[in-house]
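This report concerns only the one structure given below.
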Protein chains: 2
Amino acid sequence: MTTTFRDIKADVLDRIANGDWGPGVALPSEMELAKTYGCARATVNRALRELAEEGLLDRKRKSGTRVRMTPTRRARFDIPITRREVENRGEIYRYALVWNEEKTAPGWLAARMGLNTGTPVQHIICMHYADGNPFQYEDRWINLLALPQVRDTNFSTVSPNEWLVATIPFSDAEIGFSSVSADENLSRHLGCAEQDALFQMDRSTWFEGKPVTFVKLYFQRGYRMATKY
Amino acid sequence: MTTTFRDIKADVLDRIANGDWGPGVALPSEMELAKTYGCARATVNRALRELAEEGLLDRKRKSGTRVRMTPTRRARFDIPITRREVENRGEIYRYALVWNEEKTAPGWLAARMGLNTGTPVQHIICMHYADGNPFQYEDRWINLLALPQVRDTNFSTVSPNEWLVATIPFSDAEIGFSSVSADENLSRHLGCAEQDALFQMDRSTWFEGKPVTFVKLYFQRGYRMATKY
DNA sequence: GAGTGGTCTAGACCACGTT
DNA sequence: ACGTGGTCTAGACCACTCT
């Protein structure tokens with residue numbers, strides 16, 4: 001039986017768990033490990049590279065590989081489009097446009113997205129429903145200089161969410177999670193009481209270096225975003 | 001100049017962005033791509049493997065590689081220990097123990113952690129402060145069958161958070177984010193009004209398959225957890 | 001059965017960072 | 001200058017899965 005990179009990952013994790021290799025301790029070099037495990041250096045390399053990417057090891061040329069001082073773990077979240085998320089729960093998805101207007105970027109938005117003041121933007125507000133119940137309130141701004149074709153798009157049947165992922169298949173983004181109190185408008189659309197604590201996700205998106213869109217998503221009361229890691 | 005796996009990733013991303021390879025489209029096989037890029041198959045393999053891990057491609061033996069139908073992106077969050085998080089903001093960290101008691105697991109906890117009813121657990125409540133202001137309220141339960149040494153640990157100076165990462169350097173975990181309204185107890189400890197919307201993180205942790213701890217962390221009002229991806 | 005990705009090997013050269 | 005990780009190569013065998 002040959003040694004796989006998974007075997008090596010497991011063994012290194014064991015040694016860290018047992019305390020053989022405590023925080024800050026330097027591991028043997030890849031060549032030495034390859035010899036002890038009886039495998040090629042590439043195999044050791046892949047194992048250690050993945051552990052480093054998972055946040056458990058620090059690697060530097062010349063200095064070698066060390067166990068991280070504070071083993072910060074990295075959680076990964078899949079951010080699906082809203083329709084998918086609802087359908088994956090086995091619920092029926094419905095979409096409704098609430099507001100659609102062209103205007104010039106207000107100051108706070110220009111600052112947030114890195115736009116010049118006076119940049120034309122499209123402001124879209126819409127609702128996503130699951131089994132007829134309010135699921136998510138979407139408040140989106142799109143930079144019309146980056147995506148002028150938004151002006152010719154009818155968002156009464158297609159959500160800007162889906163239209164964007166079809167138009168821009170990937171992008172750089174910054175995402176944030178926080179908690180907000182429902183105001184009168186949110187409580188009305190989401191069918192909750194004013195002051196109710198709502199989970200909020202905000203996201204700024206760039207495409208080829210240019211700011212494209214900024215969105216705030218407000219989830220139904222009690223929503224929980226979860227993952228394993 | 002040789003073709004690197006980064007070159008290939010960039011080129012594949014370009015083709016997806018341009019629409020050459022739309023959602024659902026099958027890419028050429030690794031061997032063909034290696035020939036067109038003029039590089040080894042291993043190089044193509046790494047590029048495509050990483051793109052698949054990032055959520056842009058689907059790969060299956062025999063069927064080959066396809067562009068994902070809904071290009072769900074994956075956001076990664078670093079989950080640091082609380083002290084580190086405060087110190088990284090350039091603020092002074094302080095810790096205080098609020099409650100520490102051994103009891104048997106209540107029903108909801110047993111269900112949540114997968115424990116037998118009657119399992120002894122330690123219930124610890126503590127506060128984390130940043131520059132003297134309440135930063136985080138920690139409500140933790142530890143399975144004493146998995147970590148009996150908790151009984152002999154003094155948590156008045158060391159937070160269970162730090163003690164655990166030192167004792168269990170890594171673990172499997174499930175993590176969730178949500179939003180809650182501050183009750184009387186939380187508002188008192190966090191120095192906010194009742195009903196204020198608070199960001200909450202919960203985490204269940206397993207070590208070697210055994211449930212170890214369950215914790216709810218309540219953050220100060222206005223807290224935002226952010227990342228780029 | 002056949003085609004695809006998954007992985008390992010043995011060797012090589014390079015980039016970086018410490019000395 | 002030198003040791004370490006970072007990456008590429010050419011080849012090989014295997015595991016999965018579709019037909």
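Ligands are numbered from 1 in the order shown, residues from 1 within each chain, and chains are lettered A, B, ... in the order they appear in the structure tokens.
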
Counting only C-alpha atoms (C1' of nucleotides), give me one row per residue of chain A with an atom at most 10 Å from an atom of chain C, showing the shortest contact pair and its distance in Å to one decimal, sorted by chain then residue number, as a tab-separated table.
residue	atom	partner	partner_atom	distance
A:Thr2	CA	C:DC8	C1'	8.2
A:Thr3	CA	C:DC8	C1'	8.7
A:Thr4	CA	C:DC8	C1'	7.8
A:Phe5	CA	C:DT7	C1'	8.8
A:Cys39	CA	C:DT9	C1'	8.1
A:Ala40	CA	C:DT9	C1'	6.1
A:Arg41	CA	C:DT9	C1'	9.0
A:Ala42	CA	C:DC8	C1'	8.3
A:Thr43	CA	C:DC8	C1'	7.2
A:Lys60	CA	C:DG17	C1'	8.3
A:Arg61	CA	C:DC16	C1'	6.0
A:Lys62	CA	C:DG17	C1'	6.1
A:Ser63	CA	C:DT18	C1'	7.4

Which neighbours of Asp202 in chain A fall inside 10 Å, counting only C-alpha atoms (C1' of nucleotides), when residues of the same chain fewer than 6 positions from it are skipped, and could you give them as a list in words?
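Skipping anything fewer than 6 positions along the chain leaves Glu138, Asp139, Arg140, Glu174, Ile175, Gly176, Phe177, Ser178, Phe214, Val215, Lys216, Leu217 and Tyr218 of chain A; Arg224 and Ala226 of chain B.
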
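Computed from the coordinates, the CA of Glu54 in chain A to CA of Arg6 in chain A distance equals 13.8 Å.
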
Could I get the residues of chain A with an atom no further than 6 Å from an atom of chain B, each paired with its nearest atom pair and that distance in Å to one decimal, using only C-alpha atoms, sorted by chain and residue number, as JSON lines?
{"residue": "A:Ala17", "atom": "CA", "partner": "B:Pro169", "partner_atom": "CA", "distance": 5.9}
{"residue": "A:Thr72", "atom": "CA", "partner": "B:Pro80", "partner_atom": "CA", "distance": 5.1}
{"residue": "A:Arg73", "atom": "CA", "partner": "B:Ile79", "partner_atom": "CA", "distance": 5.6}
{"residue": "A:Arg74", "atom": "CA", "partner": "B:Asp78", "partner_atom": "CA", "distance": 4.5}
{"residue": "A:Ala75", "atom": "CA", "partner": "B:Phe77", "partner_atom": "CA", "distance": 5.2}
{"residue": "A:Arg76", "atom": "CA", "partner": "B:Arg76", "partner_atom": "CA", "distance": 4.4}
{"residue": "A:Phe77", "atom": "CA", "partner": "B:Ala75", "partner_atom": "CA", "distance": 5.2}
{"residue": "A:Asp78", "atom": "CA", "partner": "B:Arg74", "partner_atom": "CA", "distance": 4.5}
{"residue": "A:Ile79", "atom": "CA", "partner": "B:Arg73", "partner_atom": "CA", "distance": 5.6}
{"residue": "A:Pro80", "atom": "CA", "partner": "B:Thr72", "partner_atom": "CA", "distance": 5.0}
{"residue": "A:Pro169", "atom": "CA", "partner": "B:Ala17", "partner_atom": "CA", "distance": 6.0}
{"residue": "A:Ala173", "atom": "CA", "partner": "B:Tyr229", "partner_atom": "CA", "distance": 5.5}
{"residue": "A:Glu174", "atom": "CA", "partner": "B:Lys228", "partner_atom": "CA", "distance": 4.2}
{"residue": "A:Ile175", "atom": "CA", "partner": "B:Thr227", "partner_atom": "CA", "distance": 5.5}
{"residue": "A:Gly176", "atom": "CA", "partner": "B:Ala226", "partner_atom": "CA", "distance": 4.0}
{"residue": "A:Phe177", "atom": "CA", "partner": "B:Met225", "partner_atom": "CA", "distance": 5.1}
{"residue": "A:Ser178", "atom": "CA", "partner": "B:Arg224", "partner_atom": "CA", "distance": 4.7}
{"residue": "A:Ser179", "atom": "CA", "partner": "B:Phe199", "partner_atom": "CA", "distance": 5.0}
{"residue": "A:Val180", "atom": "CA", "partner": "B:Ala197", "partner_atom": "CA", "distance": 5.4}
{"residue": "A:Ser181", "atom": "CA", "partner": "B:Ala197", "partner_atom": "CA", "distance": 5.4}
{"residue": "A:Ala197", "atom": "CA", "partner": "B:Ala197", "partner_atom": "CA", "distance": 4.6}
{"residue": "A:Leu198", "atom": "CA", "partner": "B:Ser179", "partner_atom": "CA", "distance": 5.7}
{"residue": "A:Phe199", "atom": "CA", "partner": "B:Ser179", "partner_atom": "CA", "distance": 5.0}
{"residue": "A:Arg224", "atom": "CA", "partner": "B:Ser178", "partner_atom": "CA", "distance": 4.7}
{"residue": "A:Met225", "atom": "CA", "partner": "B:Phe177", "partner_atom": "CA", "distance": 5.1}
{"residue": "A:Ala226", "atom": "CA", "partner": "B:Gly176", "partner_atom": "CA", "distance": 4.0}
{"residue": "A:Thr227", "atom": "CA", "partner": "B:Ile175", "partner_atom": "CA", "distance": 5.5}
{"residue": "A:Lys228", "atom": "CA", "partner": "B:Glu174", "partner_atom": "CA", "distance": 4.2}
{"residue": "A:Tyr229", "atom": "CA", "partner": "B:Ala173", "partner_atom": "CA", "distance": 5.6}

Run DSSP on the backbone and grab whatever in range 13-216 of chain A lands in helix (DSSP H, G or I); send it over as a ChimeraX atom specification.
/A:13-18,30-37,41-53,82-88,107-113,148-152,160-167,184-190

Correct to one decimal, the distance C1' of DG5 in chain D-CA of Arg46 in chain B is 17.3 Å

State, in Å with one decimal place, the distance from CA of Thr119 in chain A to CA of Asp183 in chain A.
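According to the coordinates, CA of Thr119 in chain A and CA of Asp183 in chain A are separated by 28.2 Å.
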
Using only C-alpha atoms (C1' of nucleotides), find which residues of chain D lie within 10 Å of chain B and jot them down as JSON, numbers by chain.
{"D": [7, 8, 9, 10, 15, 16, 17, 18]}

I'd like to know which residues of range 141-199 of chain B are strand (DSSP E or B) (by DSSP, run on the backbone); could you write them as an NGL selection string?
:B and (141-143 or 172-181 or 197-199)

May I have the residues within 12 Å of Leu145 in chain B as a ChimeraX atom specification, using only C-alpha atoms (C1' of nucleotides) and disregarding those fewer than 5 positions away in the same chain?
/B:104-105,115-116,118-122,150-151,210-213

Could the residues in this selection be saved with N, CA, C and O atoms as a short mmCIF file (atom, residue, chain, number, x, y, z; two decimals), in the first residue's frame?
data_model
loop_
_atom_site.label_atom_id
_atom_site.label_comp_id
_atom_site.auth_asym_id
_atom_site.auth_seq_id
_atom_site.Cartn_x
_atom_site.Cartn_y
_atom_site.Cartn_z
N THR B 104 -26.48 18.33 34.76
CA THR B 104 -26.73 17.33 33.72
C THR B 104 -27.35 18.03 32.53
O THR B 104 -28.07 19.01 32.67
N ALA B 105 -27.04 17.48 31.36
CA ALA B 105 -27.45 18.14 30.12
C ALA B 105 -28.96 18.26 30.03
O ALA B 105 -29.66 17.24 30.11
N LEU B 115 -26.04 14.00 22.79
CA LEU B 115 -25.63 13.36 24.05
C LEU B 115 -26.79 12.53 24.59
O LEU B 115 -27.95 12.76 24.26
N ASN B 116 -26.46 11.58 25.46
CA ASN B 116 -27.50 10.88 26.19
C ASN B 116 -28.04 11.82 27.27
O ASN B 116 -27.29 12.63 27.83
N GLY B 118 -28.91 13.04 30.81
CA GLY B 118 -28.22 12.75 32.07
C GLY B 118 -26.72 12.89 31.99
O GLY B 118 -26.02 12.76 32.99
N THR B 119 -26.19 13.15 30.81
CA THR B 119 -24.74 13.35 30.68
C THR B 119 -24.30 14.57 31.48
O THR B 119 -24.94 15.61 31.42
N PRO B 120 -23.22 14.44 32.27
CA PRO B 120 -22.75 15.62 33.01
C PRO B 120 -22.08 16.62 32.08
O PRO B 120 -21.29 16.25 31.22
N VAL B 121 -22.43 17.88 32.28
CA VAL B 121 -21.85 18.94 31.46
C VAL B 121 -21.47 20.11 32.36
O VAL B 121 -22.01 20.27 33.46
N GLN B 122 -20.53 20.90 31.88
CA GLN B 122 -20.16 22.13 32.58
C GLN B 122 -20.79 23.29 31.84
O GLN B 122 -20.66 23.39 30.62
N VAL B 150 -12.03 19.42 32.71
CA VAL B 150 -12.66 20.74 32.85
C VAL B 150 -12.97 21.01 34.32
O VAL B 150 -12.91 22.14 34.79
N ARG B 151 -13.30 19.93 35.06
CA ARG B 151 -13.64 20.09 36.48
C ARG B 151 -12.49 20.71 37.27
O ARG B 151 -12.71 21.42 38.24
N LYS B 210 -16.51 12.55 18.99
CA LYS B 210 -17.31 12.74 20.21
C LYS B 210 -17.67 14.21 20.39
O LYS B 210 -16.82 15.08 20.22
N PRO B 211 -18.92 14.49 20.75
CA PRO B 211 -19.30 15.88 20.98
C PRO B 211 -18.55 16.45 22.17
O PRO B 211 -18.46 15.81 23.23
N VAL B 212 -18.00 17.62 21.99
CA VAL B 212 -17.16 18.21 23.04
C VAL B 212 -17.82 19.43 23.65
O VAL B 212 -17.94 19.54 24.86
N THR B 213 -18.25 20.35 22.80
CA THR B 213 -18.76 21.60 23.36
C THR B 213 -19.76 22.24 22.41
O THR B 213 -19.72 22.03 21.19
#
